[in-house]
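Right, one structure below, let's go through it.
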Amino acid sequence: MEQIFKPSVIWESILAIIPSIPITMAITVVAGILGLLFGFILAVIRIRRIPVLAQLATLYISFIRGTPLLVQLFLSYYGIPMFLRMINYNFNTDFDISSISNIVFAFAAFSFNEAAYNAETIRASILSVDRKDIEAAHSMGMTGAQTMLRVILPQAMIVAIPNFGNSFINLVKATSLAYAIGVMDMMGQAKVTAGNNMRFFEAYIGLALLYWIICLIFEFIVRKLEKRFNILEREVTLSDSAQEHS
Amino acid sequence: MIQLRNIHKSFGNHHVLKGVNLTVSDGEVVSIIGASGSGKSTFLRTINFLEPADEGEITLDEISVSAAKASKEDILKLRRNTAMVFQSYNLLRHRTALENVMEALTVVQKKSRQEAKEIALEELNRVGLSDRTGYYPHQLSGGQQQRVGIARALAIRPKVMLFDEPTSALDPEMVGGVLEVIESIAREGMTMIIVTHEMNFARDVSDQVAFFDEGVILESGTPDEIFLHTREERTRQFLQQFLQRIKG
């Protein structure tokens, strides 16, 4: 009789899924970085209350936060080609739309999604920087850009890193939705593997274990980063040792 | 020389500064005294545009700025030639004592890190903090933080130093040390404008004392003129309250 549960298949599935890890990581890293950059721009637009742009940013963030990520993926998958076709038509350009790999639409959807969430984190952490430090920078004669780079961002970073860490780990897991638009990431690969041998449960157990391990690794890195950046709560141990030397 | 003419400032309907005039010669130490809320801190902050005045002229040697139509460049010029010491120190909390003093030298004055470090160490030594250079602000006492603040201000070699109640936030036992540092800088010929509640200090250190009341300088003169030969009734009342406070 056929075995009901076959643990050895878990291992086989894991081996089959491992080669697709780079795809999952590519989506995570691209969306993580673009999401940070675009999120920063959105945050600054909202803090500076730039007319029109600020209202558009608010609308955009509300839309992204109020719609499912899966829907956004489909909007990206069907909407971007349509948009490019319109450009081709109106400007007589010649983009080869069919040659665009599906992963590009995943990059776009996840980046836009991350940006909206990061914008709020970045905005809150920039606003948390003490007015006194900013005044000190102004009194030294720093320009606005210098104040931003030398004082506001480094301090905002300290506040934002735990949040960025969480959202990055959520992103790793969220990328599993990309299979829905045909991206062969870990999730997509697990589905294919399971389809071949009809061992769905075993494949998804293997998949779950892999995601878990990846998330544990990132959690570890985030915790290290938090420690490194959190100068503000560093204990006075430094002063004790220095006193002994003097 | 620094000259402030007809400085006006309102917050909404509240007219805080009603045409303040003050002239400070090179090397002169001016103390501004007066009740809380009389506008003296606001006035000090209009000098480097932390609080932009609505009206008035600010002249610092060859830099002359009209408050109402000051450009960004004008404001930067004023700020780069003045230095402020704040009531609550305002050290950059993510930088060590040494880095706080170096910051304006490397970022604004574009000095090399090496040169900036030499200057910073020299100034930290001058305020008695050679052994605290690697400490973050939260690892220092209030008095030490304020001395870093003073070293930071000295390091940029300003034309005038602005002190905004430099000892008001300190524990009583820290006040003496900080005042001593300020006094020693004054004796070296630094031009200073000091907003303070420390009357003894104002009397001992200043060349000129200005009494601020309801948004104007009601009376100014040498410490003897203000403390011993007071002309205005309001000044006398204020000084009496202060005398009672130290007796009580």
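By order in the structure tokens, chains are A, B, ...; within a chain, residues start at 1; ligands start at 1, following the order shown.
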
Could you list, as a PyMOL selection string, the residues of chain B having an atom within 9 Å of chain A when counting only C-alpha atoms? chain B and resi 48-50+72+75-86+88-95+103-104+107-108+131-132+134-140+153+156

Taking C-alpha atoms for each residue, export the selection above as a compact mmCIF listing (two decimals), in the first residue's frame.
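Saved result, again35.txt, follows:
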# COMPACT_ATOMS: atom_id res chain seq x y z
CA ASN B 48 21.23 83.77 14.46
CA PHE B 49 17.74 83.38 13.00
CA LEU B 50 16.75 80.36 15.06
CA LYS B 72 19.32 81.80 2.95
CA ILE B 75 21.29 83.52 7.42
CA LEU B 76 24.05 80.93 6.89
CA LYS B 77 26.68 83.69 7.03
CA LEU B 78 25.34 84.94 10.36
CA ARG B 79 25.12 81.46 11.78
CA ARG B 80 28.64 80.55 10.66
CA ASN B 81 30.09 83.58 12.39
CA THR B 82 28.20 83.14 15.65
CA ALA B 83 27.97 80.21 18.03
CA MET B 84 25.21 79.40 20.47
CA VAL B 85 25.30 77.66 23.82
CA PHE B 86 21.84 76.36 24.67
CA SER B 88 19.48 72.31 27.44
CA TYR B 89 22.90 71.81 25.81
CA ASN B 90 21.48 70.55 22.47
CA LEU B 91 24.35 68.18 21.83
CA LEU B 92 23.90 65.82 18.89
CA ARG B 93 22.92 62.71 20.79
CA HIS B 94 24.28 60.28 18.22
CA ARG B 95 27.77 61.73 18.35
CA GLU B 103 31.00 68.42 13.51
CA ALA B 104 30.82 72.08 12.45
CA VAL B 107 30.87 69.70 7.79
CA VAL B 108 30.55 73.50 7.68
CA ASP B 131 39.06 62.38 29.72
CA ARG B 132 35.52 62.35 28.32
CA GLY B 134 34.73 59.37 23.61
CA TYR B 135 31.53 59.65 25.67
CA TYR B 136 28.06 60.05 24.23
CA PRO B 137 25.95 62.90 25.64
CA HIS B 138 23.72 60.57 27.65
CA GLN B 139 26.79 59.21 29.38
CA LEU B 140 27.74 62.68 30.65
CA ALA B 153 30.92 76.86 20.31
CA ILE B 156 34.32 77.36 15.38

Neighbouring residues of range 146-150 of chain B were defined as those with any atom within 9 Å, considering only C-alpha atoms; residues of the same chain fewer than 2 positions away were excluded. Please report them as an NGL selection string. :B and (84-91 or 97-98 or 100-101 or 123-124 or 127-129 or 137 or 141-144 or 152-155 or 166-167 or 170 or 177-178 or 181-182)

Output file for the residues above (N, CA and C atoms, as a JSON list (two decimals), in the first residue's frame):
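Done, and the output landed in out.json:
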[["chain", "number", "residue", "atom", "x", "y", "z"],
["B", 84, "MET", "N", 26.18, 79.32, 19.37],
["B", 84, "MET", "CA", 25.21, 79.40, 20.47],
["B", 84, "MET", "C", 25.43, 78.29, 21.47],
["B", 85, "VAL", "N", 25.30, 78.65, 22.74],
["B", 85, "VAL", "CA", 25.30, 77.66, 23.82],
["B", 85, "VAL", "C", 23.89, 77.64, 24.38],
["B", 86, "PHE", "N", 23.26, 76.45, 24.38],
["B", 86, "PHE", "CA", 21.84, 76.36, 24.67],
["B", 86, "PHE", "C", 21.57, 76.02, 26.13],
["B", 87, "GLN", "N", 20.36, 76.36, 26.55],
["B", 87, "GLN", "CA", 19.95, 76.05, 27.91],
["B", 87, "GLN", "C", 19.99, 74.54, 28.17],
["B", 88, "SER", "N", 19.46, 73.76, 27.21],
["B", 88, "SER", "CA", 19.48, 72.31, 27.44],
["B", 88, "SER", "C", 20.55, 71.63, 26.58],
["B", 89, "TYR", "N", 21.66, 72.32, 26.42],
["B", 89, "TYR", "CA", 22.90, 71.81, 25.81],
["B", 89, "TYR", "C", 22.79, 71.55, 24.31],
["B", 90, "ASN", "N", 21.69, 70.86, 23.89],
["B", 90, "ASN", "CA", 21.48, 70.55, 22.47],
["B", 90, "ASN", "C", 22.68, 69.89, 21.80],
["B", 91, "LEU", "N", 23.29, 68.94, 22.49],
["B", 91, "LEU", "CA", 24.35, 68.18, 21.83],
["B", 91, "LEU", "C", 23.69, 67.19, 20.87],
["B", 97, "ALA", "N", 31.32, 63.29, 22.47],
["B", 97, "ALA", "CA", 31.74, 64.65, 22.82],
["B", 97, "ALA", "C", 32.69, 65.18, 21.75],
["B", 98, "LEU", "N", 33.69, 64.38, 21.41],
["B", 98, "LEU", "CA", 34.67, 64.81, 20.41],
["B", 98, "LEU", "C", 34.01, 65.10, 19.07],
["B", 100, "ASN", "N", 30.93, 65.85, 18.49],
["B", 100, "ASN", "CA", 30.08, 67.04, 18.58],
["B", 100, "ASN", "C", 30.90, 68.31, 18.32],
["B", 101, "VAL", "N", 32.10, 68.34, 18.87],
["B", 101, "VAL", "CA", 32.92, 69.54, 18.70],
["B", 101, "VAL", "C", 33.49, 69.60, 17.27],
["B", 123, "GLU", "N", 39.97, 72.27, 22.55],
["B", 123, "GLU", "CA", 38.85, 72.96, 23.20],
["B", 123, "GLU", "C", 38.26, 72.13, 24.34],
["B", 124, "LEU", "N", 38.20, 70.80, 24.13],
["B", 124, "LEU", "CA", 37.69, 69.94, 25.21],
["B", 124, "LEU", "C", 38.62, 69.99, 26.41],
["B", 127, "VAL", "N", 37.92, 73.13, 28.46],
["B", 127, "VAL", "CA", 36.78, 73.09, 29.36],
["B", 127, "VAL", "C", 36.89, 71.94, 30.36],
["B", 128, "GLY", "N", 38.06, 71.29, 30.39],
["B", 128, "GLY", "CA", 38.33, 70.28, 31.42],
["B", 128, "GLY", "C", 37.71, 68.92, 31.15],
["B", 129, "LEU", "N", 37.59, 68.56, 29.87],
["B", 129, "LEU", "CA", 36.95, 67.27, 29.56],
["B", 129, "LEU", "C", 37.83, 66.35, 28.72],
["B", 137, "PRO", "N", 26.58, 61.94, 24.73],
["B", 137, "PRO", "CA", 25.95, 62.90, 25.64],
["B", 137, "PRO", "C", 25.22, 62.24, 26.81],
["B", 141, "SER", "N", 27.22, 63.99, 32.62],
["B", 141, "SER", "CA", 26.34, 64.77, 33.50],
["B", 141, "SER", "C", 25.95, 66.06, 32.78],
["B", 142, "GLY", "N", 24.94, 66.75, 33.32],
["B", 142, "GLY", "CA", 24.49, 68.01, 32.72],
["B", 142, "GLY", "C", 25.62, 69.02, 32.59],
["B", 143, "GLY", "N", 26.40, 69.14, 33.66],
["B", 143, "GLY", "CA", 27.50, 70.11, 33.64],
["B", 143, "GLY", "C", 28.53, 69.76, 32.58],
["B", 144, "GLN", "N", 28.81, 68.45, 32.45],
["B", 144, "GLN", "CA", 29.78, 68.03, 31.42],
["B", 144, "GLN", "C", 29.22, 68.28, 30.03],
["B", 152, "ARG", "N", 32.21, 73.19, 21.82],
["B", 152, "ARG", "CA", 31.71, 73.16, 20.45],
["B", 152, "ARG", "C", 31.58, 74.57, 19.90],
["B", 153, "ALA", "N", 31.09, 75.48, 20.74],
["B", 153, "ALA", "CA", 30.92, 76.86, 20.31],
["B", 153, "ALA", "C", 32.28, 77.54, 20.10],
["B", 154, "LEU", "N", 33.21, 77.29, 21.02],
["B", 154, "LEU", "CA", 34.54, 77.90, 20.92],
["B", 154, "LEU", "C", 35.28, 77.43, 19.67],
["B", 155, "ALA", "N", 35.09, 76.16, 19.34],
["B", 155, "ALA", "CA", 35.89, 75.53, 18.28],
["B", 155, "ALA", "C", 35.70, 76.21, 16.94],
["B", 166, "PRO", "N", 22.66, 79.46, 30.04],
["B", 166, "PRO", "CA", 23.51, 78.25, 29.99],
["B", 166, "PRO", "C", 23.50, 77.42, 31.27],
["B", 167, "THR", "N", 23.04, 77.99, 32.39],
["B", 167, "THR", "CA", 23.09, 77.19, 33.62],
["B", 167, "THR", "C", 21.71, 76.90, 34.19],
["B", 170, "LEU", "N", 20.83, 73.21, 34.87],
["B", 170, "LEU", "CA", 21.83, 72.40, 35.60],
["B", 170, "LEU", "C", 21.45, 72.20, 37.06],
["B", 177, "GLY", "N", 30.96, 75.26, 38.13],
["B", 177, "GLY", "CA", 31.99, 74.83, 37.18],
["B", 177, "GLY", "C", 31.77, 75.42, 35.80],
["B", 178, "VAL", "N", 30.51, 75.43, 35.37],
["B", 178, "VAL", "CA", 30.19, 75.95, 34.03],
["B", 178, "VAL", "C", 30.42, 77.46, 33.99],
["B", 181, "VAL", "N", 34.03, 78.31, 33.59],
["B", 181, "VAL", "CA", 34.51, 78.15, 32.22],
["B", 181, "VAL", "C", 34.13, 79.37, 31.39],
["B", 182, "ILE", "N", 32.86, 79.81, 31.53],
["B", 182, "ILE", "CA", 32.41, 80.96, 30.75],
["B", 182, "ILE", "C", 33.21, 82.21, 31.13]]

Which residue, B:Ala210, B:Met161, B:Ile7, B:Val29, has the smallest gap to Ala68 in chain B when you use only C-alpha atoms? B:Ile7

List as a PyMOL selection string the protein and nucleic acid residues near range 122-128 of chain A, meaning an atom at most 9 Å away when only C-alpha atoms are counted, but skip any in the same chain fewer than 4 places from it. chain A and resi 36+39-40+42-44+46-47+117-118+152-153+155-160

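Shortest separation to Asp26 in chain B among B:Ser168, B:Thr222, B:Gln3, B:Ser130 occurs at residue B:Gln3, atoms counted being only C-alpha atoms.
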
Helix (DSSP H, G or I) positions in range 5-100 of chain A, given as an MDAnalysis selection string: chainID A and resid 7:47 53:66 69:91 97:99

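Going from CA of Ala202 in chain B over to CA of Thr230 in chain B, you cover 14.9 Å.
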